[in-house]
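input.json (JSON, C-alpha atoms)
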```json
[["chain", "number", "residue", "atom", "x", "y", "z"],
["A", 78, "MET", "CA", 19.21, 121.19, 108.61],
["A", 79, "LYS", "CA", 21.14, 117.97, 109.15],
["A", 80, "ASN", "CA", 20.78, 118.30, 112.93],
["A", 81, "LEU", "CA", 17.07, 119.12, 112.58],
["A", 82, "LEU", "CA", 16.52, 115.97, 110.55],
["A", 83, "LYS", "CA", 18.31, 114.00, 113.27],
["A", 84, "LEU", "CA", 16.14, 115.64, 115.93],
["A", 85, "LEU", "CA", 13.01, 114.70, 113.97],
["A", 86, "GLU", "CA", 14.47, 111.24, 113.23],
["A", 87, "VAL", "CA", 12.93, 111.37, 109.77],
["A", 88, "GLN", "CA", 14.21, 107.87, 108.99],
["A", 89, "SER", "CA", 11.63, 106.56, 111.45],
["A", 90, "LEU", "CA", 8.78, 107.87, 109.26],
["A", 91, "VAL", "CA", 8.85, 104.49, 107.57],
["A", 92, "ALA", "CA", 7.13, 103.19, 110.73],
["A", 93, "ALA", "CA", 4.16, 105.44, 109.91],
["A", 94, "ALA", "CA", 4.28, 105.33, 106.11],
["A", 95, "LEU", "CA", 4.13, 101.55, 105.78],
["A", 96, "PRO", "CA", 1.00, 100.95, 107.93],
["A", 97, "LEU", "CA", -0.65, 103.83, 106.07],
["A", 98, "MET", "CA", 0.12, 102.23, 102.72],
["A", 99, "LEU", "CA", -1.11, 98.83, 103.90],
["A", 100, "GLY", "CA", -4.26, 100.33, 105.42],
["A", 101, "PHE", "CA", -5.13, 102.13, 102.19],
["A", 102, "LEU", "CA", -4.54, 99.01, 100.08],
["A", 103, "TYR", "CA", -6.57, 96.88, 102.50],
["A", 104, "THR", "CA", -9.43, 99.40, 102.22],
["A", 105, "LEU", "CA", -9.39, 99.23, 98.43],
["A", 106, "ASN", "CA", -9.42, 95.42, 98.52],
["A", 107, "VAL", "CA", -12.12, 94.92, 101.11],
["A", 108, "TYR", "CA", -14.34, 98.01, 100.80],
["A", 109, "GLN", "CA", -13.50, 99.33, 97.30],
["A", 110, "GLN", "CA", -13.49, 102.88, 98.71],
["A", 111, "PHE", "CA", -10.86, 105.63, 98.87],
["A", 112, "ASN", "CA", -11.17, 109.27, 99.94],
["A", 113, "GLY", "CA", -8.10, 111.10, 98.63],
["A", 114, "VAL", "CA", -8.49, 114.24, 100.78],
["A", 115, "ASN", "CA", -9.04, 112.34, 104.00],
["A", 116, "ALA", "CA", -6.18, 109.97, 103.20],
["A", 117, "LEU", "CA", -3.71, 112.78, 102.48],
["A", 118, "VAL", "CA", -4.58, 114.78, 105.58],
["A", 119, "PHE", "CA", -4.41, 111.71, 107.79],
["A", 120, "ALA", "CA", -1.01, 110.79, 106.36],
["A", 121, "LEU", "CA", 0.34, 114.27, 107.21],
["A", 122, "ILE", "CA", -1.08, 113.96, 110.73],
["A", 123, "ALA", "CA", 0.56, 110.56, 111.22],
["A", 124, "PHE", "CA", 3.93, 111.88, 110.03],
["A", 125, "ALA", "CA", 3.69, 114.95, 112.28],
["A", 126, "LEU", "CA", 2.85, 112.81, 115.30],
["A", 127, "GLN", "CA", 5.69, 110.38, 114.57],
["A", 128, "MET", "CA", 8.20, 113.23, 114.40],
["A", 129, "GLY", "CA", 6.64, 114.84, 117.47],
["A", 130, "VAL", "CA", 7.13, 111.65, 119.49],
["A", 131, "ASN", "CA", 10.75, 111.51, 118.33],
["A", 132, "VAL", "CA", 11.40, 115.12, 119.36],
["A", 133, "TRP", "CA", 9.64, 114.61, 122.70],
["A", 134, "ASN", "CA", 11.61, 111.44, 123.38],
["A", 135, "ASN", "CA", 14.93, 113.15, 122.58],
["A", 136, "LEU", "CA", 14.03, 116.10, 124.78],
["A", 137, "GLN", "CA", 13.01, 113.93, 127.71],
["A", 138, "ASP", "CA", 16.15, 111.79, 127.40],
["A", 139, "PHE", "CA", 18.21, 115.00, 127.46],
["A", 140, "ARG", "CA", 16.44, 116.24, 130.58],
["A", 141, "ALA", "CA", 16.62, 112.89, 132.37],
["A", 142, "ALA", "CA", 20.26, 112.07, 131.55],
["A", 143, "SER", "CA", 22.25, 111.37, 134.71],
["A", 144, "SER", "CA", 25.62, 112.29, 133.24],
["A", 145, "GLU", "CA", 26.84, 115.27, 131.24],
["A", 146, "GLU", "CA", 28.82, 112.90, 129.03],
["A", 147, "TRP", "CA", 25.66, 111.12, 127.88],
["A", 148, "LYS", "CA", 23.59, 114.33, 127.74],
["A", 149, "ASN", "CA", 26.02, 115.94, 125.31],
["A", 150, "GLY", "CA", 27.16, 112.76, 123.55],
["A", 151, "VAL", "CA", 26.43, 111.48, 120.09],
["A", 152, "ASN", "CA", 23.41, 109.48, 121.28],
["A", 153, "ASN", "CA", 21.48, 112.63, 122.18],
["A", 154, "ILE", "CA", 21.04, 115.11, 119.35],
["A", 155, "VAL", "CA", 19.69, 117.86, 121.64],
["A", 156, "GLY", "CA", 22.98, 118.19, 123.50],
["A", 157, "ALA", "CA", 25.20, 117.21, 120.59],
["A", 158, "ALA", "CA", 23.69, 119.88, 118.31],
["A", 159, "GLY", "CA", 23.63, 122.52, 121.03],
["A", 160, "TYR", "CA", 19.86, 123.01, 120.89],
["A", 161, "THR", "CA", 18.18, 124.78, 123.79],
["A", 162, "VAL", "CA", 15.13, 123.32, 125.48],
["A", 163, "ARG", "CA", 13.14, 126.29, 124.18],
["A", 164, "GLN", "CA", 14.16, 125.62, 120.57],
["A", 165, "VAL", "CA", 13.23, 121.97, 120.80],
["A", 166, "GLY", "CA", 9.97, 122.91, 122.51],
["A", 167, "LEU", "CA", 9.06, 125.20, 119.61],
["A", 168, "VAL", "CA", 9.59, 122.40, 117.08],
["A", 169, "LEU", "CA", 7.44, 120.12, 119.21],
["A", 170, "PHE", "CA", 4.71, 122.76, 119.53],
["A", 171, "ILE", "CA", 4.52, 123.21, 115.75],
["A", 172, "LEU", "CA", 4.28, 119.48, 115.09],
["A", 173, "VAL", "CA", 1.69, 118.77, 117.78],
["A", 174, "GLY", "CA", -0.27, 121.93, 116.94],
["A", 175, "PHE", "CA", -0.54, 120.94, 113.30],
["A", 176, "ALA", "CA", -1.54, 117.37, 114.17],
["A", 177, "GLY", "CA", -4.18, 118.60, 116.63],
["A", 178, "ILE", "CA", -5.78, 121.18, 114.35],
["A", 179, "ALA", "CA", -5.71, 118.96, 111.25],
["A", 180, "GLY", "CA", -6.99, 116.05, 113.31],
["A", 181, "LEU", "CA", -10.00, 117.97, 114.63],
["A", 182, "TRP", "CA", -10.81, 119.11, 111.08],
["A", 183, "LEU", "CA", -10.66, 115.52, 109.90],
["A", 184, "VAL", "CA", -12.94, 114.43, 112.75],
["A", 185, "THR", "CA", -15.59, 116.84, 111.42],
["A", 186, "ARG", "CA", -15.40, 114.98, 108.09],
["A", 187, "THR", "CA", -15.44, 111.44, 109.49],
["A", 188, "GLY", "CA", -16.92, 111.20, 112.97],
["A", 189, "TRP", "CA", -16.14, 110.73, 116.66],
["A", 190, "PRO", "CA", -14.39, 107.32, 116.34],
["A", 191, "LEU", "CA", -11.42, 109.08, 114.75],
["A", 192, "LEU", "CA", -11.31, 111.43, 117.73],
["A", 193, "ILE", "CA", -11.08, 108.44, 120.08],
["A", 194, "MET", "CA", -8.28, 106.93, 117.99],
["A", 195, "GLY", "CA", -6.50, 110.28, 117.97],
["A", 196, "LEU", "CA", -6.78, 110.69, 121.74],
["A", 197, "ILE", "CA", -5.37, 107.20, 122.25],
["A", 198, "GLY", "CA", -2.51, 108.06, 119.91],
["A", 199, "PHE", "CA", -1.79, 111.33, 121.74],
["A", 200, "LEU", "CA", -1.98, 109.59, 125.13],
["A", 201, "VAL", "CA", 0.45, 106.85, 124.13],
["A", 202, "ALA", "CA", 2.74, 109.39, 122.44],
["A", 203, "TYR", "CA", 2.87, 111.49, 125.62],
["A", 204, "TRP", "CA", 3.21, 108.50, 127.93],
["A", 205, "TYR", "CA", 5.94, 107.09, 125.69],
["A", 206, "ALA", "CA", 8.44, 109.69, 126.92],
["A", 207, "GLY", "CA", 6.73, 112.41, 128.92],
["A", 208, "THR", "CA", 5.71, 110.96, 132.28],
["A", 209, "PRO", "CA", 7.74, 110.15, 135.39],
["A", 210, "LEU", "CA", 7.61, 106.52, 134.19],
["A", 211, "PRO", "CA", 7.76, 106.74, 130.37],
["A", 212, "LEU", "CA", 6.72, 103.71, 128.36],
["A", 213, "SER", "CA", 10.02, 103.80, 126.49],
["A", 214, "ARG", "CA", 11.77, 102.86, 129.74],
["A", 215, "THR", "CA", 9.40, 100.04, 130.67],
["A", 216, "PRO", "CA", 8.88, 96.49, 129.37],
["A", 217, "PHE", "CA", 5.75, 97.72, 127.55],
["A", 218, "GLY", "CA", 7.46, 100.03, 125.06],
["A", 219, "GLU", "CA", 7.57, 97.46, 122.27],
["A", 220, "LEU", "CA", 3.89, 96.58, 122.64],
["A", 221, "ALA", "CA", 2.87, 100.24, 122.76],
["A", 222, "SER", "CA", 4.87, 101.21, 119.69],
["A", 223, "GLY", "CA", 3.73, 98.19, 117.70],
["A", 224, "LEU", "CA", 0.04, 98.60, 118.48],
["A", 225, "THR", "CA", 0.04, 102.37, 118.03],
["A", 226, "MET", "CA", 2.24, 102.71, 114.96],
["A", 227, "GLY", "CA", 1.29, 99.42, 113.33],
["A", 228, "TYR", "CA", -2.31, 98.69, 114.23],
["A", 229, "LEU", "CA", -3.89, 102.03, 115.22],
["A", 230, "ILE", "CA", -2.55, 103.82, 112.12],
["A", 231, "PHE", "CA", -3.71, 100.92, 109.93],
["A", 232, "LEU", "CA", -7.19, 100.99, 111.50],
["A", 233, "ALA", "CA", -7.48, 104.77, 111.22],
["A", 234, "ALA", "CA", -6.23, 104.63, 107.60],
["A", 235, "VAL", "CA", -9.13, 102.29, 106.84],
["A", 236, "TYR", "CA", -11.67, 104.32, 108.82],
["A", 237, "VAL", "CA", -10.96, 107.71, 107.20],
["A", 238, "ASN", "CA", -11.83, 106.12, 103.86],
["A", 239, "VAL", "CA", -14.96, 104.23, 104.90],
["A", 240, "ALA", "CA", -16.37, 106.58, 107.60],
["A", 241, "PRO", "CA", -18.83, 106.54, 109.23],
["A", 242, "LEU", "CA", -18.63, 102.74, 108.99],
["A", 243, "LEU", "CA", -16.95, 101.22, 112.05],
["A", 244, "THR", "CA", -17.87, 97.75, 113.29],
["A", 245, "TRP", "CA", -16.28, 95.26, 115.66],
["A", 246, "THR", "CA", -15.61, 93.08, 112.64],
["A", 247, "LEU", "CA", -13.62, 95.89, 111.01],
["A", 248, "ILE", "CA", -11.72, 96.48, 114.25],
["A", 249, "TRP", "CA", -10.55, 92.91, 114.78],
["A", 250, "HIS", "CA", -10.07, 92.16, 111.09],
["A", 251, "ALA", "CA", -7.78, 95.20, 110.88],
["A", 252, "MET", "CA", -5.79, 93.92, 113.85],
["A", 253, "VAL", "CA", -5.26, 90.51, 112.25],
["A", 254, "ALA", "CA", -4.59, 91.93, 108.78],
["A", 255, "SER", "CA", -1.94, 94.34, 110.09],
["A", 256, "ALA", "CA", -0.37, 91.91, 112.58],
["A", 257, "ILE", "CA", 2.68, 90.95, 110.53],
["A", 258, "ALA", "CA", 3.50, 94.65, 110.07],
["A", 259, "TRP", "CA", 2.94, 95.80, 113.64],
["A", 260, "PHE", "CA", 4.84, 92.81, 115.01],
["A", 261, "ALA", "CA", 7.79, 93.87, 112.85],
["A", 262, "ILE", "CA", 7.41, 97.49, 114.00],
["A", 263, "ALA", "CA", 7.54, 96.34, 117.62],
["A", 264, "ASP", "CA", 10.77, 94.53, 116.72],
["A", 265, "ILE", "CA", 12.29, 97.87, 115.68],
["A", 266, "MET", "CA", 12.07, 99.09, 119.25],
["A", 267, "LEU", "CA", 13.22, 95.75, 120.59],
["A", 268, "ALA", "CA", 16.31, 95.89, 118.36],
["A", 269, "ASN", "CA", 16.95, 99.46, 119.49],
["A", 270, "ASN", "CA", 16.71, 98.46, 123.15],
["A", 271, "ILE", "CA", 18.96, 95.45, 122.59],
["A", 272, "GLY", "CA", 21.56, 97.77, 121.07],
["A", 273, "ASP", "CA", 21.20, 100.17, 124.01],
["A", 274, "TYR", "CA", 21.19, 97.42, 126.65],
["A", 275, "GLU", "CA", 24.33, 98.42, 128.54],
["A", 276, "GLU", "CA", 23.55, 102.13, 128.27],
["A", 277, "ASP", "CA", 19.97, 101.59, 129.48],
["A", 278, "LEU", "CA", 21.20, 99.64, 132.49],
["A", 279, "ALA", "CA", 23.60, 102.46, 133.35],
["A", 280, "GLU", "CA", 20.75, 105.00, 133.03],
["A", 281, "GLY", "CA", 18.37, 102.87, 135.13],
["A", 282, "ARG", "CA", 15.92, 102.11, 132.34],
["A", 283, "HIS", "CA", 13.87, 98.97, 132.95],
["A", 284, "THR", "CA", 13.16, 97.99, 129.34],
["A", 285, "LEU", "CA", 11.92, 94.62, 128.15],
["A", 286, "VAL", "CA", 15.52, 93.70, 127.34],
["A", 287, "ALA", "CA", 16.60, 94.53, 130.87],
["A", 288, "LEU", "CA", 13.77, 92.33, 132.18],
["A", 289, "LEU", "CA", 14.45, 89.35, 129.93],
["A", 290, "GLY", "CA", 18.21, 89.62, 129.60],
["A", 291, "LYS", "CA", 20.00, 90.07, 126.31],
["A", 292, "PRO", "CA", 20.08, 86.37, 125.21],
["A", 293, "ASN", "CA", 16.34, 85.90, 125.74],
["A", 294, "ALA", "CA", 15.59, 89.24, 124.09],
["A", 295, "LEU", "CA", 17.54, 88.14, 121.02],
["A", 296, "ARG", "CA", 15.52, 84.93, 120.82],
["A", 297, "LEU", "CA", 12.30, 86.94, 121.18],
["A", 298, "PHE", "CA", 13.49, 89.22, 118.39],
["A", 299, "GLY", "CA", 13.45, 86.30, 115.96],
["A", 300, "GLY", "CA", 10.30, 84.75, 117.43],
["A", 301, "ILE", "CA", 8.23, 87.87, 116.80],
["A", 302, "TYR", "CA", 8.87, 87.57, 113.06],
["A", 303, "VAL", "CA", 7.84, 83.90, 113.15],
["A", 304, "ALA", "CA", 4.59, 84.88, 114.89],
["A", 305, "GLY", "CA", 3.95, 87.55, 112.27],
["A", 306, "TYR", "CA", 4.22, 85.10, 109.38],
["A", 307, "VAL", "CA", 1.97, 82.62, 111.20],
["A", 308, "VAL", "CA", -0.74, 85.27, 111.72],
["A", 309, "LEU", "CA", -0.43, 86.27, 108.05],
["A", 310, "ILE", "CA", -1.25, 82.70, 107.01],
["A", 311, "ILE", "CA", -4.16, 82.58, 109.48],
["A", 312, "ALA", "CA", -5.49, 85.87, 108.08],
["A", 313, "VAL", "CA", -5.52, 84.41, 104.57],
["A", 314, "VAL", "CA", -7.12, 81.13, 105.72],
["A", 315, "LEU", "CA", -9.88, 83.09, 107.49],
["A", 316, "GLY", "CA", -10.45, 85.24, 104.42],
["A", 317, "ILE", "CA", -9.43, 88.45, 106.19],
["A", 318, "LEU", "CA", -6.64, 89.01, 103.66],
["A", 319, "PRO", "CA", -6.81, 87.98, 99.99],
["A", 320, "TRP", "CA", -4.67, 85.00, 99.06],
["A", 321, "PRO", "CA", -2.10, 87.03, 97.06],
["A", 322, "SER", "CA", -1.06, 88.50, 100.44],
["A", 323, "LEU", "CA", 0.92, 85.29, 100.87],
["A", 324, "LEU", "CA", 3.47, 86.93, 98.56],
["A", 325, "ALA", "CA", 4.84, 88.43, 101.79],
["A", 326, "LEU", "CA", 6.19, 84.97, 102.63],
["A", 327, "ILE", "CA", 8.93, 85.43, 100.03],
["A", 328, "SER", "CA", 10.46, 88.01, 102.37],
["A", 329, "ALA", "CA", 11.10, 85.34, 105.02],
["A", 330, "PRO", "CA", 14.52, 84.08, 103.82],
["A", 331, "VAL", "CA", 15.99, 87.59, 103.74],
["A", 332, "VAL", "CA", 14.28, 88.61, 106.97],
["A", 333, "PHE", "CA", 15.65, 85.64, 108.91],
["A", 334, "LYS", "CA", 19.08, 86.06, 107.36],
["A", 335, "GLN", "CA", 19.10, 89.58, 108.79],
["A", 336, "VAL", "CA", 17.73, 88.31, 112.09],
["A", 337, "ARG", "CA", 20.68, 85.93, 112.39],
["A", 338, "GLN", "CA", 23.04, 88.74, 111.42],
["A", 339, "PHE", "CA", 21.68, 90.94, 114.20],
["A", 340, "GLN", "CA", 21.66, 88.11, 116.73],
["A", 341, "ALA", "CA", 25.33, 87.41, 115.94],
["A", 342, "ASP", "CA", 26.30, 91.05, 116.49],
["A", 343, "PRO", "CA", 23.53, 92.90, 118.37],
["A", 344, "GLN", "CA", 25.16, 96.31, 118.27],
["A", 345, "LYS", "CA", 23.52, 99.65, 117.52],
["A", 346, "LYS", "CA", 25.25, 99.71, 114.12],
["A", 347, "ASN", "CA", 23.11, 96.71, 113.10],
["A", 348, "PHE", "CA", 19.85, 98.24, 114.34],
["A", 349, "PRO", "CA", 18.91, 99.32, 110.75],
["A", 350, "LEU", "CA", 18.44, 95.63, 109.93],
["A", 351, "ALA", "CA", 15.16, 95.75, 111.88],
["A", 352, "ILE", "CA", 14.00, 98.70, 109.80],
["A", 353, "LYS", "CA", 14.97, 96.88, 106.59],
["A", 354, "ASN", "CA", 12.88, 93.91, 107.73],
["A", 355, "VAL", "CA", 9.80, 96.08, 108.26],
["A", 356, "VAL", "CA", 10.23, 97.63, 104.82],
["A", 357, "LEU", "CA", 10.70, 94.24, 103.14],
["A", 358, "ILE", "CA", 7.73, 92.62, 104.87],
["A", 359, "SER", "CA", 5.44, 95.58, 104.23],
["A", 360, "ILE", "CA", 6.46, 96.04, 100.59],
["A", 361, "THR", "CA", 5.92, 92.37, 99.73],
["A", 362, "LEU", "CA", 2.56, 92.40, 101.51],
["A", 363, "ALA", "CA", 1.64, 95.60, 99.67],
["A", 364, "LEU", "CA", 2.55, 93.97, 96.34],
["A", 365, "GLY", "CA", 0.30, 91.06, 97.21],
["A", 366, "LEU", "CA", -2.58, 93.45, 97.98],
["A", 367, "ILE", "CA", -1.98, 95.32, 94.73],
["A", 368, "ILE", "CA", -2.07, 92.05, 92.78],
["A", 369, "ALA", "CA", -5.30, 91.16, 94.55],
["A", 370, "LEU", "CA", -6.89, 94.35, 93.23],
["A", 371, "PHE", "CA", -6.48, 93.09, 89.68],
["A", 372, "ILE", "CA", -7.72, 89.55, 90.29]]
```

Would you write out, as structure tokens, the structure that this file holds?
Amino acid sequence: MKNLLKLLEVQSLVAAALPLMLGFLYTLNVYQQFNGVNALVFALIAFALQMGVNVWNNLQDFRAASSEEWKNGVNNIVGAAGYTVRQVGLVLFILVGFAGIAGLWLVTRTGWPLLIMGLIGFLVAYWYAGTPLPLSRTPFGELASGLTMGYLIFLAAVYVNVAPLLTWTLIWHAMVASAIAWFAIADIMLANNIGDYEEDLAEGRHTLVALLGKPNALRLFGGIYVAGYVVLIIAVVLGILPWPSLLALISAPVVFKQVRQFQADPQKKNFPLAIKNVVLISITLALGLIIALFI
């Protein structure tokens, strides 16, 4: 079971759970609507897809590894746990099959826009690790993960509760409202790639860190959080988010303390600091949205 949880990378579910929570709270604030069945089913789909991407990424890394030492080392759970490709494929089939069937059922309850969002999610998930040039090995991995996990899940979480309503205003307001969260989610991948910098170079992966160099990537790591807080303030000024959302600003001192800690020692052991930042930012924003419900 322990190896299965590592294969699924269940700790990464926070990247799906937090945008879901924020999307639901945003819906209650702005539209005063909530569909419990749709919300629950969509949450299960998002979790299944997140774990499916993790399994697919681990499998593709195992297949593409250029050395037996890396293929069977601690950084690849497929080889380290002694899983066969067939076993991993079965886990992937179950996850993707559930997400596909449940997703189509949910489309019948909401409408075709959810199908489009789902297809985009599936496409990015596959491209992330499954093509000859996977997104995870390009400079666009951070942008893809941030937009998909942070923004697309947030938007879909709103839509399944307000369907069939979908306007351009909803689309861009959702992007601005979720920006601080999806910026921080993109920083999770950036921190991961910074920690894997030497290994990625040895494996021939042309990540954003490889393109920018480690010093510049570390500066960008901090700058993304700054941009997120700035967009949060803009969202409140424009009336896209209620003013209690500014409660998220109280996370800044801890977030930047952890940024400096990671920048001082950008090793894989400090990668969880990026996850802690996402949790802290999202929880404080969620508290602000909850307060707004009672004002």

Review point. Closest to Ser255 of chain A among A:Val303, A:Ala312, A:Ile372, A:Ile271, using all atoms listed in the file?
Key: A:Ala312

Exercise for review: Kindly provide, as a count of residues only, the polymer residues lying within 10 Å of (1.6, 90.5, 115.0), counting only C-alpha atoms and using the coordinates exactly as they appear in the file.
Suggested key: 25

Study note, to complete from the structure: Among A:Val331, A:Ala341, A:Ile317, A:Leu85, Leu295 of chain A is approached most closely, using all atoms listed in the file, by A:Ala341

Point to revise | Proximity to Leu229 of chain A - best of A:Ile360, A:Ile248, A:Met98, A:Val162, only C-alpha atoms | key: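 For Leu229 of chain A, the nearest of the given residues is A:Ile248.
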
**Study point:** Point-to-point distance from atom CA of Gly290 of chain A to atom CA of Phe348 of chain A, Å rounded to tenths
**Key:**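 Separation of atom CA of Gly290 of chain A and atom CA of Phe348 of chain A: 17.6 Å.
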
Check your understanding: Looking at only C-alpha atoms, which of A:Ala234, A:Val118, A:Leu243, A:Val168 is the one that sits closest to Leu181 of chain A?
Key ->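 Under the stated criterion, the closest residue is A:Val118.
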
Check your understanding: Of the candidates A:Val114, A:Ala268, A:Leu121, A:Ala329, which shows the shortest atom-to-atom distance to Ile230 of chain A, using all atoms listed in the file?
Key ->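 Of the candidates, the smallest distance to Ile230 of chain A is held by A:Leu121.
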
Check your understanding: Which residue, A:Gln164, A:Leu117, A:Gln110, A:Glu219, has the smallest gap to Leu136 of chain A when you use all atoms listed in the file?
Key ->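 Going through A:Gln164, A:Leu117, A:Gln110, A:Glu219 one by one, the smallest distance to Leu136 of chain A is for A:Gln164.
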
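For the pair atom CA of Leu297 of chain A and atom CA of Leu267 of chain A, the interatomic distance is 8.9 Å.
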
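Every protein, DNA or RNA residue with an atom at most 9 Å from Leu323 of chain A, where all atoms listed in the file count and chain neighbours fewer than 6 positions away do not, is listed here: Leu309, Ile310, Val313, Thr361, Leu362 and Gly365 of chain A.
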